[in-house]
$ cat my_file34.cif   # mmCIF, C-alpha atoms
data_entry
loop_
_atom_site.group_PDB
_atom_site.id
_atom_site.type_symbol
_atom_site.label_atom_id
_atom_site.label_comp_id
_atom_site.auth_asym_id
_atom_site.auth_seq_id
_atom_site.Cartn_x
_atom_site.Cartn_y
_atom_site.Cartn_z
ATOM 1 C CA MET Y 179 119.060 140.685 150.774
ATOM 2 C CA LYS Y 180 116.546 142.283 148.439
ATOM 3 C CA ILE Y 181 113.482 140.538 147.043
ATOM 4 C CA LEU Y 182 111.315 141.869 144.203
ATOM 5 C CA ILE Y 183 107.734 140.578 144.232
ATOM 6 C CA VAL Y 184 105.959 140.760 140.877
ATOM 7 C CA ASP Y 185 102.244 139.993 140.648
ATOM 8 C CA ASP Y 186 99.314 141.888 139.161
ATOM 9 C CA SER Y 187 97.325 141.103 142.321
ATOM 10 C CA LYS Y 188 97.984 143.471 145.217
ATOM 11 C CA VAL Y 189 96.421 140.875 147.490
ATOM 12 C CA MET Y 190 98.775 138.156 146.281
ATOM 13 C CA ARG Y 191 101.782 140.412 146.750
ATOM 14 C CA ALA Y 192 100.640 140.890 150.362
ATOM 15 C CA ILE Y 193 100.241 137.135 150.779
ATOM 16 C CA VAL Y 194 103.740 136.526 149.417
ATOM 17 C CA LYS Y 195 105.169 139.066 151.854
ATOM 18 C CA ARG Y 196 103.272 137.456 154.717
ATOM 19 C CA THR Y 197 104.534 134.032 153.728
ATOM 20 C CA LEU Y 198 108.095 135.343 153.550
ATOM 21 C CA ARG Y 199 107.699 136.483 157.162
ATOM 22 C CA GLN Y 200 106.181 133.163 158.193
ATOM 23 C CA ALA Y 201 109.073 131.332 156.540
ATOM 24 C CA GLY Y 202 111.570 133.389 158.503
ATOM 25 C CA PHE Y 203 112.609 135.706 155.681
ATOM 26 C CA GLY Y 204 110.893 138.810 157.009
ATOM 27 C CA SER Y 205 114.137 140.710 157.531
ATOM 28 C CA HIS Y 206 114.820 140.939 153.801
ATOM 29 C CA GLU Y 207 113.967 144.161 151.998
ATOM 30 C CA THR Y 208 111.125 143.859 149.491
ATOM 31 C CA GLU Y 209 109.871 145.867 146.541
ATOM 32 C CA GLU Y 210 106.812 145.271 144.400
ATOM 33 C CA ALA Y 211 105.811 145.471 140.749
ATOM 34 C CA SER Y 212 102.481 144.655 139.147
ATOM 35 C CA ASN Y 213 103.575 143.170 135.824
ATOM 36 C CA GLY Y 214 106.637 142.193 133.864
ATOM 37 C CA ALA Y 215 107.123 145.592 132.272
ATOM 38 C CA GLU Y 216 107.227 147.237 135.697
ATOM 39 C CA GLY Y 217 109.421 144.368 136.830
ATOM 40 C CA ILE Y 218 112.054 145.185 134.215
ATOM 41 C CA GLN Y 219 112.234 148.743 135.524
ATOM 42 C CA ALA Y 220 112.214 147.595 139.123
ATOM 43 C CA VAL Y 221 115.107 145.203 138.582
ATOM 44 C CA ALA Y 222 117.169 148.004 137.043
ATOM 45 C CA LYS Y 223 116.375 150.388 139.895
ATOM 46 C CA PHE Y 224 116.073 148.151 142.967
ATOM 47 C CA LYS Y 225 118.705 145.572 141.940
ATOM 48 C CA PRO Y 226 117.141 142.660 143.822
ATOM 49 C CA ASP Y 227 118.920 139.476 144.777
ATOM 50 C CA LEU Y 228 115.812 137.459 144.022
ATOM 51 C CA VAL Y 229 112.681 137.958 141.943
ATOM 52 C CA LEU Y 230 109.442 136.182 142.935
ATOM 53 C CA CYS Y 231 107.107 136.402 139.982
ATOM 54 C CA ASP Y 232 103.626 135.374 138.963
ATOM 55 C CA TRP Y 233 103.107 133.871 135.516
ATOM 56 C CA ASN Y 234 99.852 135.278 134.143
ATOM 57 C CA MET Y 235 99.956 139.063 134.197
ATOM 58 C CA PRO Y 236 98.754 141.751 131.815
ATOM 59 C CA GLU Y 237 101.162 143.802 129.670
ATOM 60 C CA MET Y 238 104.084 141.419 130.116
ATOM 61 C CA ASN Y 239 103.682 138.006 131.696
ATOM 62 C CA GLY Y 240 106.198 136.289 133.914
ATOM 63 C CA ILE Y 241 107.916 134.116 131.349
ATOM 64 C CA GLU Y 242 108.298 137.082 128.973
ATOM 65 C CA PHE Y 243 109.741 139.088 131.858
ATOM 66 C CA LEU Y 244 112.280 136.379 132.666
ATOM 67 C CA ARG Y 245 113.291 135.988 129.034
ATOM 68 C CA GLN Y 246 113.719 139.739 128.682
ATOM 69 C CA LEU Y 247 115.919 139.830 131.781
ATOM 70 C CA ARG Y 248 118.128 137.062 130.503
ATOM 71 C CA ALA Y 249 118.275 138.616 127.041
ATOM 72 C CA ASN Y 250 119.489 141.790 128.754
ATOM 73 C CA GLY Y 251 122.287 139.770 130.362
ATOM 74 C CA ASP Y 252 120.694 139.947 133.808
ATOM 75 C CA GLU Y 253 121.251 136.778 135.833
ATOM 76 C CA THR Y 254 119.270 137.770 138.948
ATOM 77 C CA ALA Y 255 117.893 134.701 140.704
ATOM 78 C CA PHE Y 256 114.296 134.250 139.587
ATOM 79 C CA GLY Y 257 111.479 132.050 140.822
ATOM 80 C CA PHE Y 258 107.865 131.708 139.804
ATOM 81 C CA VAL Y 259 104.970 131.752 142.257
ATOM 82 C CA THR Y 260 102.010 130.738 140.161
ATOM 83 C CA SER Y 261 98.717 128.880 140.204
ATOM 84 C CA GLU Y 262 99.789 126.769 137.227
ATOM 85 C CA GLY Y 263 102.237 124.015 137.994
ATOM 86 C CA THR Y 264 102.119 121.590 135.104
ATOM 87 C CA PRO Y 265 105.350 119.785 134.208
ATOM 88 C CA GLU Y 266 105.406 121.626 130.873
ATOM 89 C CA MET Y 267 105.323 124.978 132.604
ATOM 90 C CA LYS Y 268 108.009 123.928 135.045
ATOM 91 C CA ASP Y 269 110.191 122.821 132.139
ATOM 92 C CA GLU Y 270 109.550 126.084 130.341
ATOM 93 C CA ALA Y 271 110.364 128.057 133.475
ATOM 94 C CA MET Y 272 113.608 126.213 134.157
ATOM 95 C CA GLY Y 273 114.563 126.361 130.501
ATOM 96 C CA ALA Y 274 114.205 130.126 130.570
ATOM 97 C CA GLY Y 275 116.438 130.397 133.614
ATOM 98 C CA ALA Y 276 114.161 130.180 136.632
ATOM 99 C CA ARG Y 277 115.507 128.515 139.764
ATOM 100 C CA PHE Y 278 112.161 127.210 140.999
ATOM 101 C CA LEU Y 279 108.422 127.277 140.497
ATOM 102 C CA ILE Y 280 106.198 127.381 143.577
ATOM 103 C CA VAL Y 281 102.566 126.488 142.978
ATOM 104 C CA LYS Y 282 99.722 128.404 144.593
ATOM 105 C CA PRO Y 283 98.263 127.749 147.094
ATOM 106 C CA PHE Y 284 101.597 127.609 148.870
ATOM 107 C CA THR Y 285 102.740 127.290 152.454
ATOM 108 C CA ALA Y 286 105.556 128.820 154.456
ATOM 109 C CA GLU Y 287 107.272 125.447 154.247
ATOM 110 C CA ASP Y 288 107.230 125.691 150.425
ATOM 111 C CA PHE Y 289 109.006 129.041 150.710
ATOM 112 C CA GLU Y 290 111.517 127.722 153.239
ATOM 113 C CA GLN Y 291 112.357 124.814 150.989
ATOM 114 C CA GLN Y 292 112.769 126.770 147.742
ATOM 115 C CA LEU Y 293 114.073 130.098 148.944
ATOM 116 C CA GLY Y 294 116.185 128.933 151.853
ATOM 117 C CA PRO Y 295 119.224 127.853 149.831
ATOM 118 C CA LEU Y 296 119.143 131.066 147.767
ATOM 119 C CA LEU Y 297 118.700 133.467 150.652
ATOM 120 C CA ALA Y 298 121.306 131.727 152.781
ATOM 121 C CA ALA Y 299 123.950 132.215 150.116
ATOM 122 C CA MET O 257 86.317 114.338 126.676
ATOM 123 C CA LEU O 258 85.634 114.801 130.341
ATOM 124 C CA HIS O 259 82.313 113.714 131.800
ATOM 125 C CA GLN O 260 80.426 116.304 133.834
ATOM 126 C CA ASP O 261 80.753 114.195 136.983
ATOM 127 C CA GLN O 262 84.511 114.000 136.509
ATOM 128 C CA LEU O 263 84.660 117.766 136.148
ATOM 129 C CA HIS O 264 82.581 118.197 139.282
ATOM 130 C CA ALA O 265 84.866 115.805 141.167
ATOM 131 C CA GLY O 266 87.901 117.728 139.948
ATOM 132 C CA VAL O 267 86.497 121.033 141.137
ATOM 133 C CA CYS O 268 85.675 119.537 144.532
ATOM 134 C CA ALA O 269 89.185 118.135 144.839
ATOM 135 C CA GLY O 270 90.597 121.538 143.950
ATOM 136 C CA LEU O 271 88.416 123.229 146.555
ATOM 137 C CA GLN O 272 89.625 120.754 149.162
ATOM 138 C CA GLU O 273 93.257 121.470 148.308
ATOM 139 C CA CYS O 274 92.716 125.223 148.541
ATOM 140 C CA VAL O 275 90.813 124.895 151.812
ATOM 141 C CA ASP O 276 93.467 122.644 153.348
ATOM 142 C CA THR O 277 96.432 124.757 152.238
ATOM 143 C CA MET O 278 95.014 128.150 153.100
ATOM 144 C CA GLY O 279 93.569 127.037 156.425
ATOM 145 C CA TYR O 280 89.885 127.693 155.903
ATOM 146 C CA GLY O 281 88.848 124.803 158.102
ATOM 147 C CA GLU O 282 86.384 122.305 156.783
ATOM 148 C CA LEU O 283 84.919 122.002 153.298
ATOM 149 C CA ALA O 284 81.424 120.660 152.837
ATOM 150 C CA ILE O 285 80.084 119.925 149.361
ATOM 151 C CA GLY O 286 76.335 120.430 149.212
ATOM 152 C CA GLU O 287 73.506 119.725 146.867
ATOM 153 C CA PHE O 288 73.232 120.612 143.239
ATOM 154 C CA ARG O 289 71.024 123.558 142.390
ATOM 155 C CA THR O 290 68.774 123.816 139.402
ATOM 156 C CA LYS O 291 69.206 127.566 139.157
ATOM 157 C CA PRO O 292 72.134 129.913 139.613
ATOM 158 C CA PRO O 293 72.358 132.033 142.771
ATOM 159 C CA ALA O 294 69.936 134.951 142.567
ATOM 160 C CA ASP O 295 72.305 137.462 144.079
ATOM 161 C CA GLY O 296 75.695 137.747 145.704
ATOM 162 C CA MET O 297 79.098 138.470 144.332
ATOM 163 C CA GLY O 298 81.758 136.229 143.011
ATOM 164 C CA ALA O 299 84.901 135.650 141.075
ATOM 165 C CA TYR O 300 85.156 133.741 137.826
ATOM 166 C CA ILE O 301 87.967 132.417 135.725
ATOM 167 C CA SER O 302 88.173 130.730 132.344
ATOM 168 C CA LEU O 303 89.975 127.545 131.477
ATOM 169 C CA VAL O 304 90.192 127.304 127.708
ATOM 170 C CA GLY O 305 91.437 124.396 125.667
ATOM 171 C CA ASP O 306 91.001 122.899 122.224
ATOM 172 C CA THR O 307 88.159 120.651 123.308
ATOM 173 C CA GLU O 308 87.160 122.051 126.683
ATOM 174 C CA SER O 309 86.139 125.573 127.572
ATOM 175 C CA ILE O 310 85.130 126.024 131.175
ATOM 176 C CA GLU O 311 84.157 129.031 133.253
ATOM 177 C CA LEU O 312 84.572 128.419 136.965
ATOM 178 C CA GLY O 313 83.099 130.622 139.664
ATOM 179 C CA VAL O 314 82.542 130.895 143.402
ATOM 180 C CA VAL O 315 79.704 133.159 144.569
ATOM 181 C CA ALA O 316 78.951 134.276 148.121
ATOM 182 C CA ASN O 317 77.485 137.267 149.915
ATOM 183 C CA HIS O 318 79.601 140.279 150.834
ATOM 184 C CA ALA O 319 80.397 139.022 154.329
ATOM 185 C CA GLY O 320 81.344 135.630 152.925
ATOM 186 C CA CYS O 321 83.698 137.145 150.374
ATOM 187 C CA GLN O 322 85.200 139.322 153.127
ATOM 188 C CA HIS O 323 85.849 136.223 155.235
ATOM 189 C CA LEU O 324 87.341 134.217 152.372
ATOM 190 C CA ALA O 325 89.639 137.097 151.498
ATOM 191 C CA GLY O 326 90.489 137.766 155.131
ATOM 192 C CA VAL O 327 91.686 134.215 155.711
ATOM 193 C CA MET O 328 93.910 134.460 152.624
ATOM 194 C CA LEU O 329 95.461 137.631 153.991
ATOM 195 C CA GLY O 330 95.827 136.311 157.506
ATOM 196 C CA LEU O 331 93.508 138.919 159.004
ATOM 197 C CA GLU O 332 92.491 138.427 162.610
ATOM 198 C CA GLU O 333 89.489 139.365 164.705
ATOM 199 C CA GLY O 334 89.417 143.136 165.050
ATOM 200 C CA ASP O 335 91.445 143.889 161.928
ATOM 201 C CA ASP O 336 89.999 146.378 159.473
ATOM 202 C CA PRO O 337 87.915 144.752 156.730
ATOM 203 C CA ILE O 338 89.351 144.524 153.263
ATOM 204 C CA PRO O 339 88.401 147.524 151.129
ATOM 205 C CA ASP O 340 85.863 146.650 148.480
ATOM 206 C CA SER O 341 88.386 147.772 145.898
ATOM 207 C CA GLU O 342 90.630 144.863 146.934
ATOM 208 C CA LEU O 343 87.913 142.311 147.613
ATOM 209 C CA GLY O 344 87.614 141.419 143.946
ATOM 210 C CA ASP O 345 91.355 141.023 143.734
ATOM 211 C CA ALA O 346 91.350 138.585 146.657
ATOM 212 C CA MET O 347 88.430 136.558 145.353
ATOM 213 C CA GLY O 348 90.086 136.487 141.953
ATOM 214 C CA GLU O 349 93.171 134.990 143.511
ATOM 215 C CA PHE O 350 91.061 132.325 145.200
ATOM 216 C CA LEU O 351 89.665 131.356 141.805
ATOM 217 C CA ASN O 352 93.126 131.546 140.296
ATOM 218 C CA MET O 353 94.370 128.949 142.762
ATOM 219 C CA LEU O 354 91.307 126.759 142.347
ATOM 220 C CA ALA O 355 91.646 126.867 138.576
ATOM 221 C CA GLY O 356 95.315 125.968 138.826
ATOM 222 C CA THR O 357 94.537 122.788 140.712
ATOM 223 C CA LEU O 358 91.800 121.931 138.223
ATOM 224 C CA LYS O 359 94.151 122.550 135.305
ATOM 225 C CA THR O 360 96.580 119.997 136.739
ATOM 226 C CA GLN O 361 93.795 117.469 137.134
ATOM 227 C CA LEU O 362 92.500 118.050 133.601
ATOM 228 C CA ARG O 363 95.978 117.368 132.330
ATOM 229 C CA GLU O 364 95.843 113.961 133.982
ATOM 230 C CA HIS O 365 92.791 113.314 131.819
ATOM 231 C CA GLY O 366 94.721 114.326 128.731
ATOM 232 C CA LEU O 367 93.197 117.797 128.522
ATOM 233 C CA THR O 368 95.351 120.883 128.137
ATOM 234 C CA VAL O 369 93.832 124.225 129.047
ATOM 235 C CA ARG O 370 95.097 127.746 129.555
ATOM 236 C CA LEU O 371 93.884 129.955 132.362
ATOM 237 C CA GLY O 372 92.421 133.356 131.774
ATOM 238 C CA LEU O 373 92.707 136.280 134.152
ATOM 239 C CA PRO O 374 90.107 136.151 136.921
ATOM 240 C CA MET O 375 87.291 138.652 137.149
ATOM 241 C CA PHE O 376 84.967 139.705 139.929
ATOM 242 C CA CYS O 377 81.265 140.314 139.406
ATOM 243 C CA ARG O 378 78.440 141.595 141.533
ATOM 244 C CA GLY O 379 74.915 140.497 140.824
ATOM 245 C CA PRO O 380 73.103 137.456 139.561
ATOM 246 C CA VAL O 381 74.620 134.953 137.200
ATOM 247 C CA GLU O 382 72.717 134.663 133.938
ATOM 248 C CA VAL O 383 72.731 131.381 132.094
ATOM 249 C CA SER O 384 73.083 131.401 128.340
ATOM 250 C CA ARG O 385 72.217 128.986 125.589
ATOM 251 C CA GLY O 386 74.800 126.643 124.223
ATOM 252 C CA VAL O 387 76.476 126.344 127.608
ATOM 253 C CA GLN O 388 76.144 123.541 130.118
ATOM 254 C CA HIS O 389 75.709 124.707 133.683
ATOM 255 C CA ARG O 390 76.225 123.141 137.043
ATOM 256 C CA PHE O 391 75.642 124.938 140.324
ATOM 257 C CA PHE O 392 76.190 123.408 143.713
ATOM 258 C CA ASP O 393 76.323 124.594 147.293
ATOM 259 C CA VAL O 394 79.593 124.546 149.174
ATOM 260 C CA ARG O 395 80.535 125.516 152.705
ATOM 261 C CA ILE O 396 84.110 126.802 152.933
ATOM 262 C CA GLY O 397 84.881 127.013 156.613
ATOM 263 C CA THR O 398 82.052 129.178 157.902
ATOM 264 C CA VAL O 399 81.142 130.615 154.509
ATOM 265 C CA ASP O 400 78.172 129.416 152.509
ATOM 266 C CA ALA O 401 78.862 129.794 148.812
ATOM 267 C CA VAL O 402 77.791 128.486 145.446
ATOM 268 C CA CYS O 403 80.209 126.922 143.013
ATOM 269 C CA VAL O 404 79.436 127.629 139.358
ATOM 270 C CA ILE O 405 80.680 125.586 136.427
ATOM 271 C CA HIS O 406 79.842 126.706 132.902
ATOM 272 C CA ARG O 407 80.993 124.498 130.101
ATOM 273 C CA HIS O 408 80.798 125.048 126.394
ATOM 274 C CA GLU O 409 78.744 122.373 124.706
ATOM 275 C CA SER O 410 81.521 121.488 122.294
ATOM 276 C CA GLY O 411 83.261 120.072 125.347
ATOM 277 C CA GLU O 412 80.420 117.747 126.336
ATOM 278 C CA ALA O 413 81.541 114.233 127.163
ATOM 279 C CA ALA O 414 79.602 111.161 126.077
ATOM 280 C CA ALA O 415 77.265 110.100 128.856
#

$ encode --input "my_file34.cif" --output "structure tokens"
Amino acid sequence: MKILIVDDSKVMRAIVKRTLRQAGFGSHETEEASNGAEGIQAVAKFKPDLVLCDWNMPEMNGIEFLRQLRANGDETAFGFVTSEGTPEMKDEAMGAGARFLIVKPFTAEDFEQQLGPLLAA
Amino acid sequence: MLHQDQLHAGVCAGLQECVDTMGYGELAIGEFRTKPPADGMGAYISLVGDTESIELGVVANHAGCQHLAGVMLGLEEGDDPIPDSELGDAMGEFLNMLAGTLKTQLREHGLTVRLGLPMFCRGPVEVSRGVQHRFFDVRIGTVDAVCVIHRHESGEAAA
């Protein structure tokens, strides 16, 4: 399967990839984008099965990115990986069409739990 | 309004969560300082709300920042050090995570804040008027650092 990782931090993208490996998902192909605007282009080109996206990013943040995808009719599975995990943000994320919201700092077990059902499908 | 001691406790709890989750080892909270660190480098992030505006920072020396970033990236003994161009990014992410935990705690006190984007600075921290400051030593694993909390006076809690 193909996973698109969207985060303005190159370091965080590397940490997400490392955690994917630790969670046993290292065999999946990954691509990266550094903000929502790049993410829109990457989804069109790479056609991922899953998007893992930060929330706060310059140019286009994560929730704007998700809303744009859904407005375009794109139903790609989408999950947030963000430092902000308030109930309001979770509600906003789910309301916009996200499948999950993982809060930083996260563990491999967090990834196993949230991504496992999606990547096993 | 949040009392300064409650804010300090929240930051310490957030540091503990980050240390535990990312595997830094032990966290030791040290003494308060009367002055900011004279040198070093650090990352800062803003938490801005209607009644609270906070700037949170962690400052260490170059080797300390390298170690903090290296643990985040899972680097091992003998691996190449992180390029300086990415060190700020890594430290920014550390503050991002710390601020996220603090945001959740502030919410439990009825305070809603938004996080800014983190930034990385080299050099001494200068204090400014109209802002409350708190500096305290922390030891994150093997790294000695200083935690910086700036708070706009409009957010001052009753003593």

$ closest_atom_pairs --input "my_file34.cif" --of "stretch 289-357 of chain O" --to "stretch 196-203 of chain Y" --cutoff "12 Å" --atoms "only C-alpha atoms" --output "tab-separated table"
residue	atom	partner	partner_atom	distance
O:Met328	CA	Y:Arg196	CA	10.1
O:Leu329	CA	Y:Arg196	CA	7.8
O:Gly330	CA	Y:Arg196	CA	8.0
O:Leu331	CA	Y:Arg196	CA	10.8

$ axis_aligned_box --input "my_file34.cif" --around "stretch 257-270 of chain Y" --padding-each-side "5 Å" --output "JSON"
{"center_x": 105.1, "center_y": 125.9, "center_z": 136.3, "size_x": 22.8, "size_y": 22.3, "size_z": 21.9}

$ residues_around --input "my_file34.cif" --residues "O:Ser309" --least-positions-apart "4" --cutoff "8 Å" --atoms "only C-alpha atoms" --output "JSON, numbers by chain"
{"O": [302, 303, 304, 305, 369, 407, 408, 411]}

$ closest_residue --input "my_file34.cif" --among "Y:Met179, Y:Met235, Y:Ala211, Y:Leu244" --to "chain O" --atoms "only C-alpha atoms"
Y:Met235

$ resolve_selection --input "my_file34.cif" --expression "the PyMOL selection byres ((chain Y) within 8 of (chain O))" --output "number ranges by chain"
Y: 187-190, 192-193, 196, 234-235, 261-264, 282-285

$ residues_around --input "my_file34.cif" --residues "O:Ala319" --least-positions-apart "3" --cutoff "10 Å" --atoms "all atoms listed in the file" --output "tab-separated table (two decimals) with C-alpha atoms, in the frame of the given file"
chain	number	residue	atom	x	y	z
O	296	GLY	CA	75.69	137.75	145.70
O	316	ALA	CA	78.95	134.28	148.12
O	322	GLN	CA	85.20	139.32	153.13
O	323	HIS	CA	85.85	136.22	155.24
O	324	LEU	CA	87.34	134.22	152.37
O	325	ALA	CA	89.64	137.10	151.50
O	337	PRO	CA	87.92	144.75	156.73
O	399	VAL	CA	81.14	130.62	154.51

$ atom_distance --input "my_file34.cif" --atom1 "atom CA of O:Val387" --atom2 "atom CA of O:His406"
6.3 Å

$ resolve_selection --input "my_file34.cif" --expression "the PyMOL selection byres ((chain O and resi 265) around 12)" --output "PyMOL selection string"
chain O and resi 258-264+266-272+285+357-358+361-362+392+405

$ resolve_selection --input "my_file34.cif" --expression "the PyMOL selection byres ((chain Y and resi 247-259) around 8)" --output "list in words"
Ile218, Pro226, Asp227, Leu228, Val229, Leu230, Cys231, Asp232, Trp233, Gly240, Phe243, Leu244, Arg245, Gln246, Thr260, Ser261, Ala271, Ala274, Gly275, Ala276, Arg277, Phe278, Leu279, Ile280, Val281 and Lys282 of chain Y

$ closest_residue --input "my_file34.cif" --among "Y:Ile241, Y:Val194, Y:Ile183, Y:Ala220" --to "Y:Gly273" --atoms "all atoms listed in the file"
Y:Ile241

$ closest_residue --input "my_file34.cif" --among "O:Glu333, O:Asp306, O:Val394, O:Phe376" --to "O:Arg289" --atoms "only C-alpha atoms"
O:Val394

$ atom_distance --input "my_file34.cif" --atom1 "atom CA of Y:Ile181" --atom2 "atom CA of Y:Ala286"
16.0 Å

$ atom_distance --input "my_file34.cif" --atom1 "atom CA of O:Val327" --atom2 "atom CA of O:Arg378"
20.8 Å

$ closest_residue --input "my_file34.cif" --among "Y:Thr208, Y:Gln219, Y:Gln291, Y:Asn239" --to "Y:Asp186" --atoms "all atoms listed in the file"
Y:Asn239
